[in-house]
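Below is one structure, written out as structure tokens, with a few remarks after it.
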Amino acid sequence: MVRHLQTLTFLIPLILAGCSGSSSSTGSDACAGVACSSHGSCKSAGAGAYCVCDNGYSTSGLSCVATTGSCQGITCSGHGSCADSGGTPTCTCESGYAASGMACNATNGPCVGVTCSGHGTCTSVGTAASCTCDSGYVASAPTTCEPTVAPVIGGCQVLPSNHVFNTPIDSLPAHPNSSAFIATIGTHRIHLDLGVSTDITSSEYYGIPYNVVHGGAITWSPVNFGSTDPDMSWDPRSESDCSVLSDSSHKIVSPCTTAAAANPAMPIPPSPLVEGGIDRTASQPYGDHHMLLLDVDTCRLWELYHCYPNTSGGWDIFGAATFDLKSNMLRPADWTSADAAGFPILPLLLRADEATSGAIHHAMRFTIQSSKIRNQYVWPARHLTSNGTTSQNLPPMGQLFRLKASYVIPTAAGSQARAILQALKTYGMYIADGGSDLYIQGEPSAAWTDDTFSVVQSVTTDQFEAVDTAPIQQRPGFDVNSAAVP
């Protein structure tokens, strides 16, 4: 990370013979004869002078030259000029303004004394200070930038460090309707929707498993978008992604319409893990039956919905979404995924290995009854369900919740339970789909301990609060189509 030092560079002594031209100067006689190349204004500082250049120009001694190199696009908040010094941009600010990273802030404004932990730039948002953090750092509070530790599976980082799922949200305010949302959900205890059986034929095979595959080494499987279940009557292809059997480069086709992909394909291994096990019932009874596929050759995630073996080979599915784990881009607006909210599932899934390590660095997903979800979605969700109403007392799809700061993690809690509960305080959990109330999803694993179930499942609804993400959305650089936290 490059530290941007507050400086007034290029202060030149008054004894400078040879400066000519008509000066656009302000201040004392130190600016006499200093024209700043007609692309800026001269400012005095003691017995010296310096140039504050127009946008698109940067300082070079007492000249303003067209911006090149590292200064391109840097405006210094309109109250200074940028100089490129060996590939490092530095803002020279007007009198009354001080440099904070690549911004020039009023010395009596909200950014006074805000350093962004030395890893970002402070800008004024109304009367408040807000830090835009450098790459590899995240705003744990509006004026604090701390290093992020993103989850990794199979050598692939699971979404960028500044993705909202990987960002601490414990300093954000509670949502104004938090009490109403909690009342709507009702009184419940957390239920960990996961199990200790890894036998895919067992009736106790609980949780959502995932598959790590090498997409460049396996034969991609044909898939058919359809189901013998008469309740699955809509067209899932218009909001689905796929590749095609004939394309060895596995180019993404989105949307995966019949015209664009007559023979769709997915990187499904010969014996995949499927939520609930592989069900060969001919009627394909309604059920999620998710299949999660992480292609570690490309760090691309494929998530499929309602997966059943096709009797002619391949698989019948009823929806598919792909996510580039190196990107913060969200699904197109109003598109679903294998999740009703349009979220990826795997990045929000509880995994035994990370819980056992004692630290979880991401948010979680949970469900409540569909009738309790407002017919609306909020960032970062992209899709809604319509089984609820428009009442403001109902939480919308994608609403973020967290354990209250006042909740005390039991001292006797084991490492898994402690990691889960702390992550619920630090990163929170998002309404991702309709289902049973306060069910938090995780993978099936024999590594889950009895203590994890007993401790975590003792937490009740009243220990949670809804989170207001508006402060993130009001930061400079926020993009509603991205999950990046500026």
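Each chain in the structure tokens gets a letter, A, B and so on, in the order shown; residues start at 1 in every chain, and ligands are counted from 1 in the order they appear.
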- Can you list, as a VMD selection string, all residues belonging to stretch 352-439 of chain A that DSSP tags as helix (DSSP H, G or I)? chain A and resid 352 to 357 370 to 372 415 to 426
- Write out as a VMD selection string the residues lying within 8 Å of stretch 179-185 of chain A, counting only C-alpha atoms and excluding same-chain residues fewer than 3 positions away. chain A and resid 176 368 372 393 to 395 437 461 to 462 464 to 466
What would the file look like if the residues just selected were written as a short mmCIF file (atom, residue, chain, number, x, y, z; two decimals), in the first residue's frame with N, CA and C atoms?
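The resulting file, result25.cif, is reproduced below:
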```
data_model
loop_
_atom_site.label_atom_id
_atom_site.label_comp_id
_atom_site.auth_asym_id
_atom_site.auth_seq_id
_atom_site.Cartn_x
_atom_site.Cartn_y
_atom_site.Cartn_z
N PRO A 176 -34.18 1.21 11.12
CA PRO A 176 -35.30 1.87 11.83
C PRO A 176 -36.48 0.94 12.09
N ILE A 368 -36.67 -17.51 6.43
CA ILE A 368 -37.89 -17.38 7.22
C ILE A 368 -39.04 -17.76 6.28
N LYS A 372 -43.64 -14.20 5.36
CA LYS A 372 -43.12 -13.14 6.25
C LYS A 372 -42.11 -12.23 5.54
N ASN A 393 -43.69 -3.67 7.74
CA ASN A 393 -43.36 -4.45 8.94
C ASN A 393 -42.69 -5.78 8.59
N LEU A 394 -42.74 -6.15 7.32
CA LEU A 394 -42.10 -7.39 6.86
C LEU A 394 -40.70 -7.06 6.34
N PRO A 395 -39.71 -7.83 6.72
CA PRO A 395 -38.37 -7.58 6.18
C PRO A 395 -38.33 -7.93 4.70
N ASP A 437 -38.40 -20.82 9.75
CA ASP A 437 -37.95 -19.63 10.45
C ASP A 437 -36.61 -19.82 11.15
N THR A 461 -34.56 -15.26 18.78
CA THR A 461 -34.78 -14.16 17.84
C THR A 461 -34.51 -12.80 18.46
N ASP A 462 -34.89 -12.63 19.74
CA ASP A 462 -34.77 -11.31 20.35
C ASP A 462 -33.32 -10.87 20.56
N PHE A 464 -31.31 -10.73 18.10
CA PHE A 464 -30.91 -10.18 16.80
C PHE A 464 -31.51 -8.80 16.57
N GLU A 465 -30.91 -8.09 15.62
CA GLU A 465 -31.46 -6.82 15.16
C GLU A 465 -31.19 -6.71 13.66
N ALA A 466 -32.07 -5.99 12.97
CA ALA A 466 -31.86 -5.73 11.54
C ALA A 466 -30.84 -4.61 11.39
#
```
- Determine the nearest neighbour of A:Asp134 from the options A:Gly186, A:Val164, A:Met102, A:Cys91, counting only C-alpha atoms. A:Met102
- Message: When you count only C-alpha atoms, which of these residues is closest to A:Tyr206: A:Asp54, A:Glu275, A:Asp468, A:Asp339?
- Response: A:Glu275
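Closest to A:Leu159 among A:Val467, A:Ile218, A:Val253, A:Ile345 is A:Ile345, based on only C-alpha atoms.
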